[in-house]
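Report on one structure; see the data block that follows.
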Amino acid sequence: MIKNPSKLPLTRNSRDILKILNEGLESSFLYEQEFKKYLLKNKIHLPKSQIDLKKYDRVFLVAIGKSAGKMSEYVSKKINFQNGIVIVPAGVEPRLKKSIFKIFHGGHPLPNHNSYNAGKKLVSFLNETTKNDFVVFLMSGGGSALSVNPDSISLKDMIVVNDKLFRSGANIMEIACIRKHLSLIKGGRLIQNMDCTGISFLVSDVIGDDLGSISSGMTYCDKSTFGDALRIVKKFSLEQKFPKSALSVLKSGLNGERPETPKKPKIKNIILLNNSACLFKMKIKSKKLGYNTSVNNKIVDDVNYVANVLGNMILRSKNNCLVFGGEPTVNVTGNGKGGRNQELVLRLYEKLKHNKYNFTIASIGTDGIDGNTNFAGALFSTEYECDGNPYLKNNDSSSFFKKYGGLIKTGITQNNVNDIGVIIRHSL
């Protein structure tokens, strides 16, 4: 799945890193194996019970997110659905019967009119369910942008909110908190008026697997409040950057003028796969290649802080390979091209160069898209003498790698379990 990094000659270390990354990417599709634990023909097998779908009048499918297409293809072979809705990114064409499944192509990373139409259709579709129906939900990362139904604010203002949040440095749980309190479908609201029951299977793109943050918890519930949302707005100084309509909704919720998000889950939510599962496979692969390997699976902070943590780990460790995963945040102050993975690799390069060892560093997004570029991430080595600081000041890491080499391309993977990366330490 991984193309060779642009321009760079492939050394033993860079070849090994690509093998380890590829293992992580391939592992991100193991949800099909996980499904086998739960799905029989028209039956759902749970640890203490079994759901016979033949007992229901109608069985529907609702799939939302970057993995929705592939997940739907697999599940539709196991379950006879009456019909369903599948919401995927642009460019993804699931191999499904169009006569049964309505497919929407939403916007990502920012929502668009297709996302809005998809969100509206979700509500009307689920409102038509009756007591003896059953809905199978397939949720994955990206769903928050791919389907939107704003509460008392325009789509245009919702797009602004998302854009400002992405640039602020807020983490995914903070972003989800605000999204949930400006939405009619997130934070469990999608299913709160559904007359029937159902089950939700999820591929997690959230470190810690917080069910309320994966696709903003559409099929779960929400532990956060309007007050929490406003504290996040203040924390990242977004008061003057957010549309007045968004602030008005949050403040009216704080004052009790609109209902809080649901606080109890209505249906069972089951996580099939997450970032840690991929890192486990990557660690095994790296050991087979002869490396002594350690793992950090909690990369969730500011990208500069993350670079310092990872850099210190590999400098001080007795191990010569570090596998890591998560989703660092970037406070975007420049106007360059790049993404959190490319910026992380460049910051690590700046921290680790001029050392008694050489380091080869790589980080990619498992969805194949890093920031505002068409690349998954980058690979670079401290063997090369370059100055990345001017590029970092303008959040322009992609231009650095375009000039010196190292951009990694996978194309859209139709999956997302956060970012994965590797650092290998070797002698000068």
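Residues are referred to by chain and number: the chain letter is A, B, ... according to the order shown in the structure tokens, the number counts from 1 in that chain, and ligands are numbered separately from 1 in the order shown.
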
With 9 Å as the cut-off and only C-alpha atoms counted, what is the closest atom pair between each nearby residue of stretch 357-425 of chain A and stretch 28-31 of chain A? Distances in Å to one decimal, ordered by chain and number, as a Markdown table.
| residue | atom | partner | partner_atom | distance |
| --- | --- | --- | --- | --- |
| A:Thr366 | CA | A:Ser28 | CA | 7.6 |
| A:Asn415 | CA | A:Ser28 | CA | 7.1 |
| A:Asn416 | CA | A:Ser28 | CA | 7.5 |
| A:Val417 | CA | A:Ser28 | CA | 6.6 |

Exercise for review: Show which residues sit within 12 Å of A:Arg231, as a PyMOL selection string. Count only C-alpha atoms, and ignore same-chain residues fewer than 4 positions away.
Suggested key: chain A and resi 170+174-175+177-178+224-227+235-239+247+250-251+254

Restricted to N, CA and C atoms, what would the selected residues look like written as a PDB file, in the first residue's frame?
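Written output follows (result19.pdb):
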ATOM      1  N   ALA A 170      -6.686  22.041  19.225  1.00  0.00           N
ATOM      2  CA  ALA A 170      -7.556  21.221  20.075  1.00  0.00           C
ATOM      3  C   ALA A 170      -7.442  19.756  19.669  1.00  0.00           C
ATOM      4  N   GLU A 174     -11.790  17.269  22.349  1.00  0.00           N
ATOM      5  CA  GLU A 174     -12.239  18.654  22.508  1.00  0.00           C
ATOM      6  C   GLU A 174     -13.023  19.108  21.292  1.00  0.00           C
ATOM      7  N   ILE A 175     -12.555  18.732  20.123  1.00  0.00           N
ATOM      8  CA  ILE A 175     -13.278  19.070  18.897  1.00  0.00           C
ATOM      9  C   ILE A 175     -14.654  18.415  18.901  1.00  0.00           C
ATOM     10  N   CYS A 177     -16.449  17.494  21.433  1.00  0.00           N
ATOM     11  CA  CYS A 177     -17.320  18.107  22.442  1.00  0.00           C
ATOM     12  C   CYS A 177     -18.099  19.285  21.854  1.00  0.00           C
ATOM     13  N   ILE A 178     -17.405  20.154  21.139  1.00  0.00           N
ATOM     14  CA  ILE A 178     -18.075  21.317  20.541  1.00  0.00           C
ATOM     15  C   ILE A 178     -18.993  20.882  19.413  1.00  0.00           C
ATOM     16  N   SER A 224     -19.993  14.967  28.029  1.00  0.00           N
ATOM     17  CA  SER A 224     -19.638  16.391  28.138  1.00  0.00           C
ATOM     18  C   SER A 224     -20.882  17.266  28.163  1.00  0.00           C
ATOM     19  N   THR A 225     -20.669  18.553  28.454  1.00  0.00           N
ATOM     20  CA  THR A 225     -21.774  19.490  28.611  1.00  0.00           C
ATOM     21  C   THR A 225     -21.534  20.756  27.795  1.00  0.00           C
ATOM     22  N   PHE A 226     -22.569  21.600  27.722  1.00  0.00           N
ATOM     23  CA  PHE A 226     -22.408  22.901  27.082  1.00  0.00           C
ATOM     24  C   PHE A 226     -21.328  23.716  27.781  1.00  0.00           C
ATOM     25  N   GLY A 227     -21.255  23.559  29.097  1.00  0.00           N
ATOM     26  CA  GLY A 227     -20.225  24.266  29.859  1.00  0.00           C
ATOM     27  C   GLY A 227     -18.830  23.830  29.451  1.00  0.00           C
ATOM     28  N   LYS A 235     -10.393  28.175  26.164  1.00  0.00           N
ATOM     29  CA  LYS A 235      -9.038  27.624  26.261  1.00  0.00           C
ATOM     30  C   LYS A 235      -8.214  27.933  25.019  1.00  0.00           C
ATOM     31  N   PHE A 236      -8.845  27.867  23.847  1.00  0.00           N
ATOM     32  CA  PHE A 236      -8.125  28.075  22.593  1.00  0.00           C
ATOM     33  C   PHE A 236      -8.402  29.447  21.965  1.00  0.00           C
ATOM     34  N   SER A 237      -8.951  30.347  22.794  1.00  0.00           N
ATOM     35  CA  SER A 237      -9.182  31.739  22.375  1.00  0.00           C
ATOM     36  C   SER A 237      -9.968  31.820  21.074  1.00  0.00           C
ATOM     37  N   LEU A 238     -11.094  31.107  21.041  1.00  0.00           N
ATOM     38  CA  LEU A 238     -11.902  31.044  19.831  1.00  0.00           C
ATOM     39  C   LEU A 238     -13.118  31.971  19.874  1.00  0.00           C
ATOM     40  N   GLU A 239     -13.256  32.753  20.930  1.00  0.00           N
ATOM     41  CA  GLU A 239     -14.430  33.609  21.078  1.00  0.00           C
ATOM     42  C   GLU A 239     -14.602  34.570  19.914  1.00  0.00           C
ATOM     43  N   LEU A 247     -21.691  30.529  19.062  1.00  0.00           N
ATOM     44  CA  LEU A 247     -21.563  30.942  20.467  1.00  0.00           C
ATOM     45  C   LEU A 247     -22.924  31.098  21.114  1.00  0.00           C
ATOM     46  N   LEU A 250     -24.265  27.629  22.126  1.00  0.00           N
ATOM     47  CA  LEU A 250     -23.562  27.100  23.301  1.00  0.00           C
ATOM     48  C   LEU A 250     -23.983  27.824  24.579  1.00  0.00           C
ATOM     49  N   LYS A 251     -24.137  29.135  24.492  1.00  0.00           N
ATOM     50  CA  LYS A 251     -24.525  29.907  25.671  1.00  0.00           C
ATOM     51  C   LYS A 251     -25.969  29.625  26.070  1.00  0.00           C
ATOM     52  N   LEU A 254     -25.965  26.408  27.906  1.00  0.00           N
ATOM     53  CA  LEU A 254     -25.438  26.594  29.260  1.00  0.00           C
ATOM     54  C   LEU A 254     -26.515  27.159  30.183  1.00  0.00           C
TER      55      LEU A 254
END

**Study point:** stretch 271-283 of chain A environment, 6 Å, only C-alpha atoms, sequence neighbours closer than 6 positions dropped, as a list of chain:residue names
**Key:** A:Ile20, A:Glu23, A:Gly24, A:Ser27, A:Tyr31, A:Glu34, A:Phe201, A:Leu202, A:Val203, A:Ser204, A:Val417

Writing out the chosen residues with N, CA and C atoms as an mmCIF file, in the first residue's frame:
data_model
loop_
_atom_site.group_PDB
_atom_site.id
_atom_site.type_symbol
_atom_site.label_atom_id
_atom_site.label_comp_id
_atom_site.auth_asym_id
_atom_site.auth_seq_id
_atom_site.Cartn_x
_atom_site.Cartn_y
_atom_site.Cartn_z
ATOM 1 N N ILE A 20 7.599 -1.970 8.131
ATOM 2 C CA ILE A 20 6.896 -1.882 9.416
ATOM 3 C C ILE A 20 5.613 -1.061 9.265
ATOM 4 N N GLU A 23 2.978 -3.029 7.498
ATOM 5 C CA GLU A 23 2.356 -3.997 8.409
ATOM 6 C C GLU A 23 1.238 -3.328 9.200
ATOM 7 N N GLY A 24 1.493 -2.083 9.643
ATOM 8 C CA GLY A 24 0.469 -1.336 10.369
ATOM 9 C C GLY A 24 -0.736 -1.040 9.516
ATOM 10 N N SER A 27 -2.730 -4.145 8.932
ATOM 11 C CA SER A 27 -3.414 -4.526 10.171
ATOM 12 C C SER A 27 -4.661 -3.695 10.399
ATOM 13 N N TYR A 31 -10.475 -5.601 10.805
ATOM 14 C CA TYR A 31 -11.840 -5.608 11.342
ATOM 15 C C TYR A 31 -12.673 -6.716 10.676
ATOM 16 N N GLU A 34 -12.286 -9.480 12.880
ATOM 17 C CA GLU A 34 -13.040 -9.216 14.111
ATOM 18 C C GLU A 34 -14.531 -9.437 13.891
ATOM 19 N N PHE A 201 -21.177 -1.160 15.422
ATOM 20 C CA PHE A 201 -19.800 -1.652 15.367
ATOM 21 C C PHE A 201 -18.900 -0.505 14.918
ATOM 22 N N LEU A 202 -17.773 -0.328 15.615
ATOM 23 C CA LEU A 202 -16.935 0.832 15.361
ATOM 24 C C LEU A 202 -15.480 0.465 15.108
ATOM 25 N N VAL A 203 -14.854 1.187 14.182
ATOM 26 C CA VAL A 203 -13.404 1.206 14.027
ATOM 27 C C VAL A 203 -12.940 2.514 14.650
ATOM 28 N N SER A 204 -12.103 2.437 15.672
ATOM 29 C CA SER A 204 -11.754 3.611 16.469
ATOM 30 C C SER A 204 -10.610 4.416 15.859
ATOM 31 N N VAL A 417 -7.339 4.486 11.543
ATOM 32 C CA VAL A 417 -7.112 4.152 12.963
ATOM 33 C C VAL A 417 -5.964 5.028 13.484
#

Point to revise | Among the residues A:Glu343, A:Glu383, A:Glu128, A:Glu73, the one that comes closest to A:Phe101 [using only C-alpha atoms] | key: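 The shortest atom-to-atom distance to A:Phe101 comes from A:Glu73.
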
Practice item. Write down as a ChimeraX atom specification the residues belonging to stretch 90-306 of chain A that are assigned alpha helix (DSSP H) by DSSP computed on the backbone. Key: /A:113-127,143-146,155-168,172-180,226-235,244-254,275-288,303-306

Residue selection dump (C-alpha atoms) as a PDB file, in the first residue's frame:
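Okay, this is what ended up in result07.pdb:
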ATOM      1  CA  HIS A 113     -23.566  20.342   1.132  1.00  0.00           C
ATOM      2  CA  ASN A 114     -23.347  16.584   0.539  1.00  0.00           C
ATOM      3  CA  SER A 115     -22.556  16.148   4.242  1.00  0.00           C
ATOM      4  CA  TYR A 116     -25.592  18.259   5.082  1.00  0.00           C
ATOM      5  CA  ASN A 117     -27.870  16.280   2.764  1.00  0.00           C
ATOM      6  CA  ALA A 118     -26.556  13.042   4.252  1.00  0.00           C
ATOM      7  CA  GLY A 119     -27.226  14.249   7.798  1.00  0.00           C
ATOM      8  CA  LYS A 120     -30.782  15.259   6.940  1.00  0.00           C
ATOM      9  CA  LYS A 121     -31.442  11.922   5.247  1.00  0.00           C
ATOM     10  CA  LEU A 122     -30.130  10.020   8.275  1.00  0.00           C
ATOM     11  CA  VAL A 123     -32.707  11.661  10.512  1.00  0.00           C
ATOM     12  CA  SER A 124     -35.665  11.067   8.183  1.00  0.00           C
ATOM     13  CA  PHE A 125     -34.528   7.495   7.491  1.00  0.00           C
ATOM     14  CA  LEU A 126     -34.298   6.534  11.179  1.00  0.00           C
ATOM     15  CA  ASN A 127     -37.508   8.390  12.064  1.00  0.00           C
ATOM     16  CA  GLY A 143     -18.078  10.545  10.128  1.00  0.00           C
ATOM     17  CA  SER A 144     -18.272  13.877  11.942  1.00  0.00           C
ATOM     18  CA  ALA A 145     -17.516  15.787   8.731  1.00  0.00           C
ATOM     19  CA  LEU A 146     -19.123  13.372   6.291  1.00  0.00           C
ATOM     20  CA  LEU A 155     -23.853  24.954   7.191  1.00  0.00           C
ATOM     21  CA  LYS A 156     -21.531  27.835   6.325  1.00  0.00           C
ATOM     22  CA  ASP A 157     -21.051  28.648  10.013  1.00  0.00           C
ATOM     23  CA  MET A 158     -20.560  24.965  10.829  1.00  0.00           C
ATOM     24  CA  ILE A 159     -17.753  24.798   8.278  1.00  0.00           C
ATOM     25  CA  VAL A 160     -16.100  27.819   9.904  1.00  0.00           C
ATOM     26  CA  VAL A 161     -16.376  26.201  13.345  1.00  0.00           C
ATOM     27  CA  ASN A 162     -14.682  23.028  12.091  1.00  0.00           C
ATOM     28  CA  ASP A 163     -11.929  24.952  10.315  1.00  0.00           C
ATOM     29  CA  LYS A 164     -11.108  27.073  13.379  1.00  0.00           C
ATOM     30  CA  LEU A 165     -11.094  24.019  15.623  1.00  0.00           C
ATOM     31  CA  PHE A 166      -8.674  22.133  13.362  1.00  0.00           C
ATOM     32  CA  ARG A 167      -6.275  25.073  13.326  1.00  0.00           C
ATOM     33  CA  SER A 168      -6.519  25.749  17.059  1.00  0.00           C
ATOM     34  CA  ILE A 172     -10.154  15.143  18.869  1.00  0.00           C
ATOM     35  CA  MET A 173     -12.116  14.869  22.127  1.00  0.00           C
ATOM     36  CA  GLU A 174     -12.239  18.654  22.508  1.00  0.00           C
ATOM     37  CA  ILE A 175     -13.278  19.070  18.897  1.00  0.00           C
ATOM     38  CA  ALA A 176     -15.963  16.410  19.315  1.00  0.00           C
ATOM     39  CA  CYS A 177     -17.320  18.107  22.442  1.00  0.00           C
ATOM     40  CA  ILE A 178     -18.075  21.317  20.541  1.00  0.00           C
ATOM     41  CA  ARG A 179     -19.384  19.477  17.489  1.00  0.00           C
ATOM     42  CA  LYS A 180     -21.811  17.478  19.634  1.00  0.00           C
ATOM     43  CA  PHE A 226     -22.408  22.901  27.082  1.00  0.00           C
ATOM     44  CA  GLY A 227     -20.225  24.266  29.859  1.00  0.00           C
ATOM     45  CA  ASP A 228     -17.368  22.016  28.760  1.00  0.00           C
ATOM     46  CA  ALA A 229     -17.777  23.224  25.193  1.00  0.00           C
ATOM     47  CA  LEU A 230     -17.547  26.872  26.232  1.00  0.00           C
ATOM     48  CA  ARG A 231     -14.470  26.164  28.343  1.00  0.00           C
ATOM     49  CA  ILE A 232     -12.794  24.690  25.257  1.00  0.00           C
ATOM     50  CA  VAL A 233     -13.739  27.794  23.257  1.00  0.00           C
ATOM     51  CA  LYS A 234     -12.059  29.928  25.911  1.00  0.00           C
ATOM     52  CA  LYS A 235      -9.038  27.624  26.261  1.00  0.00           C
ATOM     53  CA  LYS A 244     -21.905  34.440  16.647  1.00  0.00           C
ATOM     54  CA  SER A 245     -24.563  31.832  15.879  1.00  0.00           C
ATOM     55  CA  ALA A 246     -22.365  29.035  17.273  1.00  0.00           C
ATOM     56  CA  LEU A 247     -21.563  30.942  20.467  1.00  0.00           C
ATOM     57  CA  SER A 248     -25.252  31.761  20.879  1.00  0.00           C
ATOM     58  CA  VAL A 249     -26.216  28.073  20.744  1.00  0.00           C
ATOM     59  CA  LEU A 250     -23.562  27.100  23.301  1.00  0.00           C
ATOM     60  CA  LYS A 251     -24.525  29.907  25.671  1.00  0.00           C
ATOM     61  CA  SER A 252     -28.242  29.151  25.414  1.00  0.00           C
ATOM     62  CA  GLY A 253     -27.468  25.522  26.240  1.00  0.00           C
ATOM     63  CA  LEU A 254     -25.438  26.594  29.260  1.00  0.00           C
ATOM     64  CA  ASN A 275      -4.596   2.031  16.813  1.00  0.00           C
ATOM     65  CA  SER A 276      -3.062  -0.201  19.496  1.00  0.00           C
ATOM     66  CA  ALA A 277      -3.890  -3.322  17.483  1.00  0.00           C
ATOM     67  CA  CYS A 278      -1.875  -1.929  14.561  1.00  0.00           C
ATOM     68  CA  LEU A 279       1.067  -0.960  16.775  1.00  0.00           C
ATOM     69  CA  PHE A 280       1.136  -4.475  18.215  1.00  0.00           C
ATOM     70  CA  LYS A 281       1.540  -5.947  14.715  1.00  0.00           C
ATOM     71  CA  MET A 282       4.178  -3.325  13.867  1.00  0.00           C
ATOM     72  CA  LYS A 283       6.191  -4.227  16.947  1.00  0.00           C
ATOM     73  CA  ILE A 284       6.170  -7.906  15.974  1.00  0.00           C
ATOM     74  CA  LYS A 285       7.307  -7.005  12.452  1.00  0.00           C
ATOM     75  CA  SER A 286      10.139  -4.791  13.696  1.00  0.00           C
ATOM     76  CA  LYS A 287      11.407  -7.549  15.977  1.00  0.00           C
ATOM     77  CA  LYS A 288      11.398  -9.989  13.068  1.00  0.00           C
ATOM     78  CA  VAL A 303       3.099  18.243  17.735  1.00  0.00           C
ATOM     79  CA  ASN A 304       6.112  20.130  19.147  1.00  0.00           C
ATOM     80  CA  TYR A 305       5.632  18.513  22.562  1.00  0.00           C
ATOM     81  CA  VAL A 306       5.153  15.106  20.922  1.00  0.00           C
TER      82      VAL A 306
END

Check your understanding: A:Ile214: which residues within 8 Å, counting only C-alpha atoms, same-chain residues fewer than 3 positions away excluded, as a PyMOL selection string?
Key -> chain A and resi 139-141+202+204-206+209-211+217

Just the selected residues (N, CA and C atoms), exported as an mmCIF file, in the first residue's frame, please.
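The new file part-v7.cif reads:
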data_model
loop_
_atom_site.group_PDB
_atom_site.id
_atom_site.type_symbol
_atom_site.label_atom_id
_atom_site.label_comp_id
_atom_site.auth_asym_id
_atom_site.auth_seq_id
_atom_site.Cartn_x
_atom_site.Cartn_y
_atom_site.Cartn_z
ATOM 1 N N MET A 139 -19.689 2.434 12.235
ATOM 2 C CA MET A 139 -19.152 3.781 12.436
ATOM 3 C C MET A 139 -17.622 3.764 12.396
ATOM 4 N N SER A 140 -17.059 4.815 11.813
ATOM 5 C CA SER A 140 -15.601 4.926 11.762
ATOM 6 C C SER A 140 -15.192 6.383 11.662
ATOM 7 N N GLY A 141 -13.900 6.626 11.752
ATOM 8 C CA GLY A 141 -13.386 7.989 11.741
ATOM 9 C C GLY A 141 -13.785 8.754 10.494
ATOM 10 N N LEU A 202 -17.773 -0.328 15.615
ATOM 11 C CA LEU A 202 -16.935 0.832 15.361
ATOM 12 C C LEU A 202 -15.480 0.465 15.108
ATOM 13 N N SER A 204 -12.103 2.437 15.672
ATOM 14 C CA SER A 204 -11.754 3.611 16.469
ATOM 15 C C SER A 204 -10.610 4.416 15.859
ATOM 16 N N ASP A 205 -10.831 5.721 15.736
ATOM 17 C CA ASP A 205 -9.759 6.644 15.352
ATOM 18 C C ASP A 205 -9.443 7.589 16.498
ATOM 19 N N VAL A 206 -9.764 7.148 17.717
ATOM 20 C CA VAL A 206 -9.571 7.969 18.911
ATOM 21 C C VAL A 206 -8.712 7.199 19.908
ATOM 22 N N ASP A 209 -10.080 5.103 22.777
ATOM 23 C CA ASP A 209 -11.348 4.529 22.300
ATOM 24 C C ASP A 209 -12.568 5.133 22.985
ATOM 25 N N ASP A 210 -12.557 6.436 23.184
ATOM 26 C CA ASP A 210 -13.722 7.118 23.756
ATOM 27 C C ASP A 210 -14.887 7.038 22.775
ATOM 28 N N LEU A 211 -15.911 6.272 23.130
ATOM 29 C CA LEU A 211 -17.053 6.063 22.240
ATOM 30 C C LEU A 211 -17.802 7.352 21.932
ATOM 31 N N GLY A 217 -19.642 10.371 18.489
ATOM 32 C CA GLY A 217 -20.578 9.599 19.310
ATOM 33 C C GLY A 217 -22.005 9.563 18.818
#

Practice item. Considering only C-alpha atoms, return as a PyMOL selection string whatever protein or nucleic-acid residues lie within 9 Å of A:Glu32, sequence-local ones (same chain, fewer than 4 positions apart) excluded. Key: chain A and resi 36+71+74-75+272

Point to revise | Residues near A:Gln192, cut-off 10 Å, only C-alpha atoms, skip fewer than 2 positions along chain, as a PyMOL selection string | key: chain A and resi 126-127+185+187-190+194-195+218-221+261-262+264-267
